[in-house]
Amino acid sequence: MQPENAVIITPTCLVTGSKRGHRPHLDRNLLAAMILVLLFATAAWPGETKPPNIVFVMADDLGWADLNCYDPLDRGFYETPHIDRLARQGVRFTQAYTNGANCAPTRAALISGQYYPNQPIYHVGSPSQGKMIPATNAHSLPRDKFTIPEALREAGYTSAHLGKWHLGDPPEKGPQQQGFDFNIGGYSAGNPNAWPGQYFEPNNNPFIDDAEPGEYLTDYLTRKAVEFIEDHRAGPFFLYLSYYSPHTPLQAPPERVRKYRQKQGRGGHDHPVYAAMIESLDTGVGQLMAALDRLGLADNTIFIFYSDNGGDGSYRDLGRPNNGITDNSPLKSGKGSFYEGGIRVPLIIRWPAGIEPNTTSDAVVTSIDFYPTFLETAGLQPPDDYLLDGLSMLPLFRDPEASLDREAIYWHFPGYPNVAWRTSPVSVIRSGPWKLKKFYEDGRLELYHLEDDLSEQHNLADRHPEQRRRLQQMLEDWLTEHNAPLPRHRDR
């Protein structure tokens with residue numbers, strides 16, 4: 001039996017359903033539908049008659065340089081052989097960003113396909129207090145957002161969410177209320193709510209009740225993800241595996257930690273527990289890859305590895321005596337900051353049917369680009385009554401040297417993070433190699449040329465006034481266009 005709201009494709013007809021009034025444009029007329037089916041059957045999915053499966057793996061707080069295939073300093077303390085192999089089999093993005101510098105904003109942007117403020121989450125929980133009055137932040141994703149799994153249902157996908165959700169609590173605002181058919185472990189918590197000795201107990205999570213005795217949470221989520229793939233091998237399926245690691249609290253099985261206590265750290269990569277948590281992630285990715293191979297699904301599965309924000313470290317760049325857990329060098333700063341170390345992240349995509357292996361893309365991409373990418377690979381047009389802010393990355397799959405046709409990407413953070421010194425209220429634009437930051441407390445502008453100054457050491461705002469004015473005007477226009485809430489001075 002076809003799932004509710006499925007797209008049913010036959011040689012002579014195409015029938016669609018819809019939810020909440022949002023409907024991709026597959027039912028305009030019979031001729032257009034048949035052309036679309038033929039186009040994607042011969043181009044997007046060679047030798048296939050159905051769209052690709054999607055496995056989306058999200059790490060939590062994993063830094064850009066925490067993978068060996070990314071670290072330009074070649075520190076080698078962390079061990080990521082399976083993720084490195086995934087990169088050799090697909091395309092590695094060197095300038096991938098997240099829409100937030102911490103957890104919830106990135107996840108909200110990803111699943112809704114919208115920038116803040118088009119979706120209302122820019123922070124985790126209530127903003128901290130500071131010199132300015134922060135804008136109001138939402139604690140959950142509104143139900144009226146037409147999410148990725150709701151859109152993919154139109155093409156017959158079965159969708160599962162495993163792990164960290166952080167966008168509201170079931171049964172009103174959880175993954176299954178936002179289009180997922182299954183949810184394991186997803187609710188409003190931003191970390192496993194662990195206490196010493198208990199991070200190994202997945203059953204502490206109110207939406208997990210079937211873990212094996214002593215099973216480590218990361219291992220449990222991997223096992224359940226493999227089971228989902230096995231049970232839905234007929235496809236198409238969308239698996240969103242959102243690990244809780246390597247977010248704090250830093251806890252890992254002792255036998256994994258022991259190895260790293262014997263290793264020599266280097267360049268800020270020296271925390272044995274953090275390293276063991278990364279190894280657990282890497283092992284999970286390897287097990288997913290093996291399952292897809294064993295089931296004959298790898299060729300027509302889009303496998304994505306991504307992180308929700310930068311690593312928790314490199315804070316000496318901000319004048320802090322404690323550098324944090326990891327080091328994002330050569331990127332500046334880390335999680336919670338809108339310097340590169342807080343928002344530039346690893347992104348690897350493997351799709352043997354549609355991507356040349358062992359390729360690199362320098363294109364600038366961000367979280368809101370996944371939604372339109374999945375629509376296009378599934379043969380769906382964007383909904384006609386729902387705003388999508390991103391662009392499909394499919395042209396980059398065909399040609400990793402290509403770029404996307406847009407002038408800029410944006411960030412807006414009108415408040416203070418939970419660790420208030422990481423940033424003050426700020427808006428950011430990146431256009432080409434140029435990046436401008438506007439700080440609201442004092443109106444300060446910072447301008448960087450990232451191709452020449454990846455570490456953001458040289459503020460060029462005074463030396464390049466023409467670029468400063470151009471980017472500032474673009475940023476102000478974008479804020480106005482999107483009716484962006486602004487922080488307020490307390491004396492005004």
# chains A, B, ... in the order shown; residues from 1 in each chain; ligands from 1

call {"tool": "residues_around", "arguments": {"residues": "segment 205-221 of chain A", "least_positions_apart": "3", "cutoff": "9 Å", "atoms": "only C-alpha atoms", "output": "list in words"}}
result
Leu162, Gly163, Asn183, Ile184, Gly185, Gly186, Tyr187, Pro192, Asn193, Tyr199, Phe200, Glu201, Pro202, Lys224, Ala225, Val226, Leu241, Ser242, Tyr243, Tyr244, Ser245, Ala252, Pro253, Met277, Ser280, Leu281, Thr283 and Gly284 of chain A

call {"tool": "closest_atom_pairs", "arguments": {"of": "segment 276-369 of chain A", "to": "segment 392-398 of chain A", "cutoff": "7 Å", "atoms": "only C-alpha atoms", "output": "Markdown table"}}
result
| residue | atom | partner | partner_atom | distance |
| --- | --- | --- | --- | --- |
| A:Gly354 | CA | A:Phe397 | CA | 6.5 |
| A:Ile355 | CA | A:Phe397 | CA | 5.1 |
| A:Asp369 | CA | A:Ser392 | CA | 5.7 |

call {"tool": "residues_around", "arguments": {"residues": "Leu141 of chain A", "least_positions_apart": "2", "cutoff": "8 Å", "atoms": "only C-alpha atoms", "output": "compact mmCIF listing (two decimals) with N, CA and C atoms, in the first residue's frame"}}
result
# COMPACT_ATOMS: atom_id res chain seq x y z
N ALA A 108 16.39 24.47 12.77
CA ALA A 108 15.15 25.09 12.30
C ALA A 108 15.27 25.52 10.84
N GLN A 119 11.75 31.92 9.62
CA GLN A 119 11.37 31.02 10.70
C GLN A 119 11.87 31.67 12.00
N PRO A 120 11.21 31.48 13.14
CA PRO A 120 11.39 32.39 14.28
C PRO A 120 12.45 32.00 15.31
N ILE A 121 13.35 31.07 14.98
CA ILE A 121 14.34 30.60 15.97
C ILE A 121 15.72 31.11 15.58
N ALA A 138 11.81 32.25 19.47
CA ALA A 138 10.85 31.16 19.61
C ALA A 138 11.55 29.92 20.16
N HIS A 139 10.80 29.11 20.90
CA HIS A 139 11.35 27.90 21.50
C HIS A 139 11.04 26.65 20.69
N ARG A 143 4.07 24.91 13.71
CA ARG A 143 3.48 23.79 12.98
C ARG A 143 3.16 24.12 11.54
N LYS A 145 5.02 25.43 9.38
CA LYS A 145 6.15 25.29 8.47
C LYS A 145 6.00 23.98 7.69
N LEU A 167 13.63 21.25 18.69
CA LEU A 167 12.74 22.24 18.08
C LEU A 167 11.33 22.18 18.67
N GLY A 168 11.18 21.58 19.84
CA GLY A 168 9.88 21.49 20.47
C GLY A 168 9.57 20.07 20.90
N LYS A 173 4.73 19.35 19.14
CA LYS A 173 5.70 20.06 18.32
C LYS A 173 6.94 19.23 18.02

call {"tool": "closest_residue", "arguments": {"among": "A:Phe439, A:Tyr315, A:Phe303, A:Tyr97", "to": "Ile368 of chain A", "atoms": "only C-alpha atoms"}}
result
A:Tyr97

call {"tool": "residues_around", "arguments": {"residues": "Ile343 of chain A", "least_positions_apart": "5", "cutoff": "6 Å", "atoms": "only C-alpha atoms", "output": "PDB file with C-alpha atoms, in the first residue's frame"}}
result
ATOM      1  CA  TYR A  97      28.109  27.026   6.522  1.00  0.00           C
ATOM      2  CA  THR A  98      25.335  26.636   9.031  1.00  0.00           C
ATOM      3  CA  ALA A 101      26.285  29.501  15.430  1.00  0.00           C
ATOM      4  CA  ASN A 309      27.791  24.582  14.128  1.00  0.00           C
ATOM      5  CA  GLY A 310      31.492  24.994  14.751  1.00  0.00           C
TER       6      GLY A 310
END

call {"tool": "atom_distance", "arguments": {"atom1": "atom CA of Ala109 of chain A", "atom2": "atom CA of Met132 of chain A"}}
result
25.1 Å

call {"tool": "atom_distance", "arguments": {"atom1": "atom CA of Asp399 of chain A", "atom2": "atom CA of Met289 of chain A"}}
result
24.0 Å

call {"tool": "residues_around", "arguments": {"residues": "Tyr116 of chain A", "least_positions_apart": "5", "cutoff": "10 Å", "atoms": "only C-alpha atoms", "output": "PyMOL selection string"}}
result
chain A and resi 99-100+105-106+108-109+121-123+389+410-413+482+484-485

call {"tool": "residues_around", "arguments": {"residues": "segment 465-481 of chain A", "least_positions_apart": "3", "cutoff": "10 Å", "atoms": "only C-alpha atoms", "output": "ChimeraX atom specification"}}
result
/A:117,407-412,427-431,434-438,445-448,460-462,484-486

call {"tool": "write_last_selection", "arguments": {"atoms": "C-alpha atoms", "output": "short mmCIF file (atom, residue, chain, number, x, y, z; two decimals), in the first residue's frame"}}
result
data_model
loop_
_atom_site.label_atom_id
_atom_site.label_comp_id
_atom_site.auth_asym_id
_atom_site.auth_seq_id
_atom_site.Cartn_x
_atom_site.Cartn_y
_atom_site.Cartn_z
CA PRO A 117 13.55 35.60 10.66
CA GLU A 407 24.89 37.30 -4.57
CA ALA A 408 25.15 36.66 -0.83
CA ILE A 409 24.21 34.62 2.22
CA TYR A 410 23.14 36.11 5.57
CA TRP A 411 23.01 35.60 9.33
CA HIS A 412 21.04 37.62 11.87
CA SER A 427 24.20 40.64 11.57
CA VAL A 428 26.49 39.15 8.94
CA ILE A 429 26.69 39.00 5.17
CA ARG A 430 29.06 37.05 2.96
CA SER A 431 29.28 38.03 -0.71
CA TRP A 434 33.98 39.40 1.35
CA LYS A 435 32.39 39.07 4.77
CA LEU A 436 30.91 41.98 6.75
CA LYS A 437 29.81 41.89 10.39
CA LYS A 438 27.63 44.61 11.88
CA LEU A 445 31.70 47.10 11.31
CA GLU A 446 34.24 44.40 10.53
CA LEU A 447 35.17 43.52 6.96
CA TYR A 448 37.26 40.52 5.96
CA LEU A 460 39.53 45.99 6.22
CA ALA A 461 36.50 48.18 6.93
CA ASP A 462 38.54 51.40 6.76
CA ALA A 484 14.04 41.32 10.86
CA PRO A 485 13.53 42.04 14.59
CA LEU A 486 16.37 44.14 16.00
#

call {"tool": "select_by_dssp", "arguments": {"residues": "segment 163-249 of chain A", "states": "alpha helix (DSSP H)", "output": "PyMOL selection string"}}
result
chain A and resi 217-231

call {"tool": "atom_distance", "arguments": {"atom1": "atom CA of Ala151 of chain A", "atom2": "atom CA of Gln178 of chain A"}}
result
10.5 Å

call {"tool": "closest_residue", "arguments": {"among": "A:Pro175, A:Pro272, A:Gly267, A:Pro134", "to": "Gln251 of chain A", "atoms": "only C-alpha atoms"}}
result
A:Pro272

call {"tool": "closest_residue", "arguments": {"among": "A:Gly311, A:Gly190, A:Pro346, A:Gly268", "to": "Gly334 of chain A", "atoms": "only C-alpha atoms"}}
result
A:Gly311

call {"tool": "residues_around", "arguments": {"residues": "Gly296 of chain A", "least_positions_apart": "3", "cutoff": "12 Å", "atoms": "only C-alpha atoms", "output": "PDB file with C-alpha atoms, in the first residue's frame"}}
result
ATOM      1  CA  ASN A  53      17.133   7.522  -0.706  1.00  0.00           C
ATOM      2  CA  ILE A 229      17.275   1.214   6.519  1.00  0.00           C
ATOM      3  CA  GLU A 230      16.802  -2.556   6.569  1.00  0.00           C
ATOM      4  CA  ARG A 233      15.044  -0.881   1.867  1.00  0.00           C
ATOM      5  CA  ALA A 234      12.330  -0.776  -0.816  1.00  0.00           C
ATOM      6  CA  GLY A 235      12.490   3.012  -0.475  1.00  0.00           C
ATOM      7  CA  MET A 289      27.915   2.813   4.823  1.00  0.00           C
ATOM      8  CA  ALA A 290      28.320  -0.931   5.318  1.00  0.00           C
ATOM      9  CA  ALA A 291      24.557  -1.421   5.642  1.00  0.00           C
ATOM     10  CA  LEU A 292      23.883   0.454   2.414  1.00  0.00           C
ATOM     11  CA  ASP A 293      26.523  -1.635   0.638  1.00  0.00           C
ATOM     12  CA  ASP A 299      24.545   3.737  -5.504  1.00  0.00           C
ATOM     13  CA  ASN A 300      21.177   5.457  -5.308  1.00  0.00           C
ATOM     14  CA  THR A 301      21.433   6.874  -1.800  1.00  0.00           C
TER      15      THR A 301
END

call {"tool": "select_by_dssp", "arguments": {"residues": "segment 93-341 of chain A", "states": "strand (DSSP E or B)", "output": "PyMOL selection string"}}
result
chain A and resi 93-97+132-133+158-163+182-184+237-242+266+269+301-307+313+324+326

call {"tool": "closest_residue", "arguments": {"among": "A:Glu340, A:Glu401, A:Glu255, A:Asp442", "to": "Ala363 of chain A", "atoms": "only C-alpha atoms"}}
result
A:Glu401

call {"tool": "closest_atom_pairs", "arguments": {"of": "segment 189-240 of chain A", "to": "segment 55-67 of chain A", "cutoff": "8 Å", "atoms": "only C-alpha atoms", "output": "tab-separated table"}}
result
residue	atom	partner	partner_atom	distance
A:Phe238	CA	A:Val55	CA	6.1
A:Leu239	CA	A:Val55	CA	4.8
A:Tyr240	CA	A:Phe56	CA	4.9
